[in-house]
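Visitor: The following block contains the structure, expressed as structure tokens.
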Amino acid sequence: MIPVTKANLPAVIRLLETRPELAMFPLDNIARYGLAGDHPRSMLFWLDDPATPNTVLGLSREGMVMPFARDDIDAQACRAVLRDRPLIGFIGAAAPVRAIMAAAGLLGRSKGLDKDEPQFRLDLEALKLPHGSGTLASISDHAELVIRWRVAYDTELKVRIDDWERAKQDVARWIDADSHRLLMIDGQPAALTGFNARLPEIVQIGGVYTPPEGRGQGLARRAVALHLAEARAQGVRQATLFAASDAAVACYTALGFQRIGDFALVLFNGEVTP
């Protein structure tokens, strides 16, 4: 595989955009943070063949691996690229992620998170807007509450336990990007919805949370639907997400989402080196 430079970056972007729902993180990172920059989420890429590409291997500066393949991925070639590089995790379609991890001998490494979740996609023209009360508001006026909810969310999913500093960073980034909304009912925050990646024609939903006392009332469904309707009015045509629970699956299928595969998220306990 060959390193990607500014000269052949357009070939990478064209390949990723053939299935943007599978490449939201690398596409969003390259749009926000650029190629080979200093930001932790700035990207490096390797490409198998600039003329007829199939496999792209993305790696953020902080060590998150983001593979993509139009057909079967060349796991051994990816393993060679990653050798001796410090990694913090993998994110992407489950099949290429698991193939590379197996080839690199990483399946048995200690992990804080290791899961495959069902992935869904929706054409926003088919969005089913549920009935209910409430309107959306920016999170900026309720930052402290959103930080508490973010810590609770991460702790419930065992992504991070009581990591207040990381939650503060996340919420500051959300406010700066204007990526998240609160569902307000009678003037009070009731649920959180957000986009963890956004491109001109597609958004990826993430960070959806309802506190325990508000669950079972369809609040998250209402919040997500209103946020998607807002994005649709701004020209976004599709949405994608991966669901962490049966309740989340029920919420999203009620909005019209259809399953398209499985998405893997792996976070190692500290850095590992293949």
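Chains: A, B, ... in order of the structure tokens. Residues: from 1 per chain. Ligands: from 1, in order shown.
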What are the closest atom pairs, with distances in Å to one decimal, for all residues of region 89-109 of chain A lying within 12 Å of region 24-28 of chain A? Consider only C-alpha atoms, order rows by chain and residue number, and present the result as JSON lines.
Guide:
{"residue": "A:Phe90", "atom": "CA", "partner": "A:Phe25", "partner_atom": "CA", "distance": 11.1}
{"residue": "A:Ile91", "atom": "CA", "partner": "A:Phe25", "partner_atom": "CA", "distance": 8.2}
{"residue": "A:Gly92", "atom": "CA", "partner": "A:Phe25", "partner_atom": "CA", "distance": 8.2}
{"residue": "A:Ala93", "atom": "CA", "partner": "A:Met24", "partner_atom": "CA", "distance": 10.8}
Visitor: Would you save the residues of that selection, restricted to C-alpha atoms, as a PDB file, in the first residue's frame?
Guide:
ATOM      1  CA  PHE A  90     -10.358   0.568  15.547  1.00  0.00           C
ATOM      2  CA  ILE A  91     -13.593   1.920  14.142  1.00  0.00           C
ATOM      3  CA  GLY A  92     -15.406   0.944  10.952  1.00  0.00           C
ATOM      4  CA  ALA A  93     -17.429  -1.771   9.277  1.00  0.00           C
TER       5      ALA A  93
END
Visitor: Quick one: residues within 9 Å of region 155-170 of chain A, only C-alpha atoms, excluding same-chain residues fewer than 6 positions away - as an MDAnalysis selection string?
Guide: chainID A and resid 112:113 143:144 146:149 244 267
Visitor: Can I get the selection written as a PDB file, in the first residue's frame, with N, CA and C atoms?
Guide:
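Result went into result_10.pdb, see below:
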ATOM      1  N   GLY A 112     -10.809  -1.863  26.562  1.00  0.00           N
ATOM      2  CA  GLY A 112     -11.837  -1.251  27.382  1.00  0.00           C
ATOM      3  C   GLY A 112     -13.204  -1.349  26.742  1.00  0.00           C
ATOM      4  N   LEU A 113     -13.223  -1.453  25.416  1.00  0.00           N
ATOM      5  CA  LEU A 113     -14.474  -1.589  24.676  1.00  0.00           C
ATOM      6  C   LEU A 113     -14.199  -2.426  23.441  1.00  0.00           C
ATOM      7  N   ALA A 143     -24.642  23.510  29.470  1.00  0.00           N
ATOM      8  CA  ALA A 143     -23.412  22.736  29.291  1.00  0.00           C
ATOM      9  C   ALA A 143     -23.115  21.829  30.486  1.00  0.00           C
ATOM     10  N   GLU A 144     -23.311  22.313  31.699  1.00  0.00           N
ATOM     11  CA  GLU A 144     -22.989  21.501  32.877  1.00  0.00           C
ATOM     12  C   GLU A 144     -23.864  20.258  32.947  1.00  0.00           C
ATOM     13  N   VAL A 146     -25.277  18.762  30.346  1.00  0.00           N
ATOM     14  CA  VAL A 146     -24.880  17.879  29.258  1.00  0.00           C
ATOM     15  C   VAL A 146     -23.591  17.137  29.610  1.00  0.00           C
ATOM     16  N   ILE A 147     -22.674  17.793  30.304  1.00  0.00           N
ATOM     17  CA  ILE A 147     -21.456  17.106  30.764  1.00  0.00           C
ATOM     18  C   ILE A 147     -21.825  15.957  31.688  1.00  0.00           C
ATOM     19  N   ARG A 148     -22.742  16.176  32.622  1.00  0.00           N
ATOM     20  CA  ARG A 148     -23.167  15.094  33.538  1.00  0.00           C
ATOM     21  C   ARG A 148     -23.795  13.960  32.753  1.00  0.00           C
ATOM     22  N   TRP A 149     -24.627  14.294  31.776  1.00  0.00           N
ATOM     23  CA  TRP A 149     -25.258  13.259  30.950  1.00  0.00           C
ATOM     24  C   TRP A 149     -24.214  12.504  30.137  1.00  0.00           C
ATOM     25  N   ALA A 244     -26.778   0.747  20.167  1.00  0.00           N
ATOM     26  CA  ALA A 244     -26.099   0.089  21.276  1.00  0.00           C
ATOM     27  C   ALA A 244     -26.994  -0.861  22.065  1.00  0.00           C
ATOM     28  N   LEU A 267     -11.696  -0.100  21.581  1.00  0.00           N
ATOM     29  CA  LEU A 267     -10.786   0.802  22.287  1.00  0.00           C
ATOM     30  C   LEU A 267      -9.879  -0.046  23.162  1.00  0.00           C
TER      31      LEU A 267
END
Visitor: For Glu17 (chain A), which of A:Ala191, A:Ile175, A:Val208, A:Ala69 is the closest residue, counting only C-alpha atoms?
Guide: A:Ala69
Visitor: Work out how far CA of Gly89 (chain A) is from CA of Leu122 (chain A), in Å to one decimal.
Guide: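 So the answer is 27.3 Å.
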Visitor: What's around region 41-46 of chain A at 6 Å? Count only C-alpha atoms, leave out sequence neighbours fewer than 2 positions away in its own chain, and write the answer as a PyMOL selection string.
Guide: chain A and resi 1-4+33-37+39+56-61
Visitor: Go through A:Arg232, A:Arg70, A:Arg181, A:Arg79 and flag the residue nearest Tyr209 (chain A), using only C-alpha atoms for the distances.
Guide: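 Closest candidate: A:Arg181.
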Visitor: In terms of the shortest atom-to-atom distance over only C-alpha atoms, which of A:Ala250, A:Ala152, A:Ala51, A:Ala243 is closest to Pro212 (chain A)?
Guide: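 Under the stated criterion, the closest residue is A:Ala152.
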Visitor: Name the residues of region 60-272 of chain A that fall into alpha helix (DSSP H) according to DSSP on the backbone, using the chain letters and numbers of this document, as a PyMOL selection string.
Guide: chain A and resi 75-82+94-103+143-157+164-177+219-233+246-254
Visitor: Among region 81-115 of chain A, which ones does DSSP place in strand (DSSP E), written as a list in words?
Guide: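 Selection result, strand (DSSP E) within region 81-115 of chain A: Leu87, Ile88, Gly89, Phe90, Ile91, Gly92, Ala93, Lys111, Gly112, Leu113, Asp114 and Lys115 of chain A.
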Visitor: I'd like the contact shell of Ala126 (chain A) - 12 Å cut-off, only C-alpha atoms, skipping same-chain residues fewer than 4 positions apart - returned as a CSV table (one decimal) with all heavy atoms, in the first residue's frame.
Guide:
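Result file is selection.csv:
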chain,number,residue,atom,x,y,z
A,121,ARG,N,-29.4,2.8,8.2
A,121,ARG,CA,-29.4,4.0,7.3
A,121,ARG,C,-30.8,4.4,7.0
A,121,ARG,O,-31.7,3.6,7.0
A,121,ARG,CB,-28.6,3.6,6.0
A,121,ARG,CG,-28.5,4.8,5.0
A,121,ARG,CD,-27.7,4.3,3.8
A,121,ARG,NE,-28.3,3.2,3.1
A,121,ARG,CZ,-27.6,2.4,2.3
A,121,ARG,NH1,-26.4,2.6,2.0
A,121,ARG,NH2,-28.3,1.4,1.7
A,122,LEU,N,-31.0,5.7,6.7
A,122,LEU,CA,-32.3,6.2,6.4
A,122,LEU,C,-32.2,7.3,5.3
A,122,LEU,O,-31.3,8.2,5.4
A,122,LEU,CB,-32.9,6.8,7.7
A,122,LEU,CG,-34.2,7.6,7.5
A,122,LEU,CD1,-35.4,6.7,7.0
A,122,LEU,CD2,-34.6,8.3,8.8
A,225,ALA,N,-35.7,12.6,15.8
A,225,ALA,CA,-36.5,12.9,14.6
A,225,ALA,C,-36.5,14.4,14.3
A,225,ALA,O,-36.4,14.8,13.2
A,225,ALA,CB,-38.0,12.4,14.8
A,228,LEU,N,-33.2,15.3,12.9
A,228,LEU,CA,-33.0,14.9,11.5
A,228,LEU,C,-33.9,15.8,10.6
A,228,LEU,O,-33.5,16.1,9.4
A,228,LEU,CB,-33.4,13.5,11.3
A,228,LEU,CG,-32.5,12.5,11.9
A,228,LEU,CD1,-33.0,11.0,11.8
A,228,LEU,CD2,-31.1,12.5,11.2
A,229,ALA,N,-35.1,16.2,11.0
A,229,ALA,CA,-35.9,17.1,10.2
A,229,ALA,C,-35.2,18.4,10.0
A,229,ALA,O,-35.3,19.0,9.0
A,229,ALA,CB,-37.3,17.3,10.9
A,232,ARG,N,-32.6,17.8,7.4
A,232,ARG,CA,-33.2,17.7,6.1
A,232,ARG,C,-33.5,19.1,5.5
A,232,ARG,O,-33.3,19.3,4.3
A,232,ARG,CB,-34.4,16.8,6.2
A,232,ARG,CG,-35.2,16.6,4.9
A,232,ARG,CD,-36.3,15.6,5.1
A,232,ARG,NE,-37.3,16.2,6.0
A,232,ARG,CZ,-38.4,15.5,6.5
A,232,ARG,NH1,-38.6,14.2,6.1
A,232,ARG,NH2,-39.2,16.1,7.3
A,237,ARG,N,-29.5,14.6,3.0
A,237,ARG,CA,-30.4,13.7,2.4
A,237,ARG,C,-30.4,12.3,3.1
A,237,ARG,O,-31.4,11.6,2.9
A,237,ARG,CB,-30.0,13.5,0.9
A,237,ARG,CG,-30.1,14.8,0.1
A,237,ARG,CD,-29.5,14.6,-1.3
A,237,ARG,NE,-30.2,13.7,-2.0
A,237,ARG,CZ,-29.9,13.2,-3.2
A,237,ARG,NH1,-28.8,13.7,-3.8
A,237,ARG,NH2,-30.6,12.3,-3.9
A,238,GLN,N,-29.4,12.0,3.8
A,238,GLN,CA,-29.3,10.6,4.4
A,238,GLN,C,-28.9,10.7,5.9
A,238,GLN,O,-28.2,11.7,6.3
A,238,GLN,CB,-28.4,9.7,3.7
A,238,GLN,CG,-28.8,9.4,2.3
A,238,GLN,CD,-27.8,8.4,1.7
A,238,GLN,OE1,-27.7,7.2,2.1
A,238,GLN,NE2,-27.0,8.9,0.7
A,239,ALA,N,-29.1,9.7,6.6
A,239,ALA,CA,-28.6,9.6,8.0
A,239,ALA,C,-28.2,8.1,8.2
A,239,ALA,O,-28.7,7.2,7.7
A,239,ALA,CB,-29.6,10.0,9.0
A,253,THR,N,-35.8,2.1,14.2
A,253,THR,CA,-36.6,1.5,13.2
A,253,THR,C,-38.0,2.1,13.1
A,253,THR,O,-38.6,2.2,12.1
A,253,THR,CB,-36.7,0.0,13.4
A,253,THR,OG1,-37.2,-0.3,14.8
A,253,THR,CG2,-35.4,-0.7,13.3
A,254,ALA,N,-38.5,2.6,14.3
A,254,ALA,CA,-39.7,3.4,14.3
A,254,ALA,C,-39.7,4.6,13.5
A,254,ALA,O,-40.7,5.1,13.0
A,254,ALA,CB,-40.2,3.7,15.7
A,255,LEU,N,-38.5,5.2,13.3
A,255,LEU,CA,-38.3,6.4,12.5
A,255,LEU,C,-38.1,6.1,11.0
A,255,LEU,O,-38.1,7.0,10.2
A,255,LEU,CB,-37.1,7.2,13.0
A,255,LEU,CG,-37.2,7.7,14.5
A,255,LEU,CD1,-35.9,8.5,14.8
A,255,LEU,CD2,-38.4,8.6,14.6
A,256,GLY,N,-37.9,4.8,10.7
A,256,GLY,CA,-37.8,4.4,9.3
A,256,GLY,C,-36.4,3.9,8.9
A,256,GLY,O,-36.2,3.5,7.8
A,257,PHE,N,-35.5,3.8,9.9
A,257,PHE,CA,-34.1,3.3,9.6
A,257,PHE,C,-34.2,1.8,9.3
A,257,PHE,O,-35.0,1.1,9.8
A,257,PHE,CB,-33.2,3.5,10.8
A,257,PHE,CG,-32.7,4.9,11.0
A,257,PHE,CD1,-33.4,5.9,11.7
A,257,PHE,CD2,-31.5,5.2,10.4
A,257,PHE,CE1,-32.9,7.2,11.8
A,257,PHE,CE2,-30.9,6.5,10.5
A,257,PHE,CZ,-31.7,7.5,11.2
A,258,GLN,N,-33.3,1.4,8.3
A,258,GLN,CA,-33.2,0.0,7.9
A,258,GLN,C,-31.7,-0.4,8.2
A,258,GLN,O,-30.8,0.3,7.9
A,258,GLN,CB,-33.6,-0.1,6.5
A,258,GLN,CG,-35.0,0.2,6.2
A,258,GLN,CD,-35.4,0.0,4.8
A,258,GLN,OE1,-34.6,-0.1,3.9
A,258,GLN,NE2,-36.7,-0.2,4.5
Visitor: Give me, as a count of residues only, all polymer residues having an atom no more than 10 Å from Ala99 (chain A), counting only C-alpha atoms and skipping those fewer than 5 positions away in the same chain.
Guide: 10
Visitor: Contacts of Gly105 (chain A) at 10 Å or less, counting only C-alpha atoms, minus same-chain residues fewer than 5 places along, as a list in words?
Guide: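 Listed by chain and then number, they are Arg79, Ile100, Thr273 and Pro274 of chain A.
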Visitor: Next, the residues of the selection above should be written as a PDB file, in the first residue's frame with all heavy atoms.
Guide:
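Result written to again-v1.pdb:
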ATOM      1  N   ARG A  79      -1.854  -4.827   7.788  1.00  0.00           N
ATOM      2  CA  ARG A  79      -0.997  -5.223   8.912  1.00  0.00           C
ATOM      3  C   ARG A  79       0.419  -4.689   8.731  1.00  0.00           C
ATOM      4  O   ARG A  79       1.037  -4.188   9.684  1.00  0.00           O
ATOM      5  CB  ARG A  79      -0.972  -6.743   9.019  1.00  0.00           C
ATOM      6  CG  ARG A  79       0.057  -7.301   9.997  1.00  0.00           C
ATOM      7  CD  ARG A  79       0.071  -8.822   9.948  1.00  0.00           C
ATOM      8  NE  ARG A  79       1.126  -9.380  10.768  1.00  0.00           N
ATOM      9  CZ  ARG A  79       2.381  -9.570  10.367  1.00  0.00           C
ATOM     10  NH1 ARG A  79       2.726  -9.220   9.120  1.00  0.00           N
ATOM     11  NH2 ARG A  79       3.282 -10.076  11.176  1.00  0.00           N
ATOM     12  N   ILE A 100      -8.375  -7.178   9.904  1.00  0.00           N
ATOM     13  CA  ILE A 100      -7.080  -6.554  10.172  1.00  0.00           C
ATOM     14  C   ILE A 100      -6.596  -6.891  11.576  1.00  0.00           C
ATOM     15  O   ILE A 100      -5.414  -7.194  11.788  1.00  0.00           O
ATOM     16  CB  ILE A 100      -7.162  -5.033   9.977  1.00  0.00           C
ATOM     17  CG1 ILE A 100      -7.498  -4.698   8.535  1.00  0.00           C
ATOM     18  CG2 ILE A 100      -5.856  -4.366  10.392  1.00  0.00           C
ATOM     19  CD1 ILE A 100      -7.801  -3.228   8.309  1.00  0.00           C
ATOM     20  N   THR A 273       0.897  -1.933  20.167  1.00  0.00           N
ATOM     21  CA  THR A 273       1.707  -1.912  18.956  1.00  0.00           C
ATOM     22  C   THR A 273       1.696  -3.281  18.309  1.00  0.00           C
ATOM     23  O   THR A 273       2.071  -4.277  18.944  1.00  0.00           O
ATOM     24  CB  THR A 273       3.163  -1.526  19.280  1.00  0.00           C
ATOM     25  OG1 THR A 273       3.180  -0.268  19.967  1.00  0.00           O
ATOM     26  CG2 THR A 273       3.989  -1.400  18.017  1.00  0.00           C
ATOM     27  N   PRO A 274       1.218  -3.390  17.064  1.00  0.00           N
ATOM     28  CA  PRO A 274       1.204  -4.692  16.394  1.00  0.00           C
ATOM     29  C   PRO A 274       2.622  -5.246  16.184  1.00  0.00           C
ATOM     30  O   PRO A 274       3.560  -4.461  15.989  1.00  0.00           O
ATOM     31  CB  PRO A 274       0.552  -4.377  15.038  1.00  0.00           C
ATOM     32  CG  PRO A 274      -0.166  -3.088  15.239  1.00  0.00           C
ATOM     33  CD  PRO A 274       0.627  -2.325  16.248  1.00  0.00           C
TER      34      PRO A 274
END
Visitor: Out of A:Asp84, A:Glu125, A:Asp49, A:Glu201, which residue has the shortest atom-to-atom distance to Glu271 (chain A) when counting only C-alpha atoms?
Guide: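 Closest to Glu271 (chain A) of all the choices is A:Asp84.
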Visitor: Return the single residue from A:Leu16, A:Leu265, A:Ala220, A:Ala11 that is closest to Val249 (chain A), with distances computed using only C-alpha atoms.
Guide: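 Counting only C-alpha atoms, the residue closest to Val249 (chain A) is A:Ala220.
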Visitor: Which one of A:Ala190, A:His227, A:Gly235, A:Gly63 sits closest to Glu213 (chain A) if you count only C-alpha atoms?
Guide: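 Ranking A:Ala190, A:His227, A:Gly235, A:Gly63 by distance to Glu213 (chain A), first place goes to A:Ala190.
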Visitor: With a distance cut-off of 7 Å and only C-alpha atoms, select the neighbouring residues of Phe195 (chain A), excluding the residue or stretch itself and same-chain residues fewer than 2 positions from it, and output the selection as number ranges by chain.
Guide: A: 179-180, 197-198, 203-206
Visitor: In Å to one decimal, how far is CA of Gly194 (chain A) from CA of Arg222 (chain A)?
Guide: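 So the two atoms, CA of Arg222 (chain A) and CA of Gly194 (chain A), lie 12.5 Å apart.
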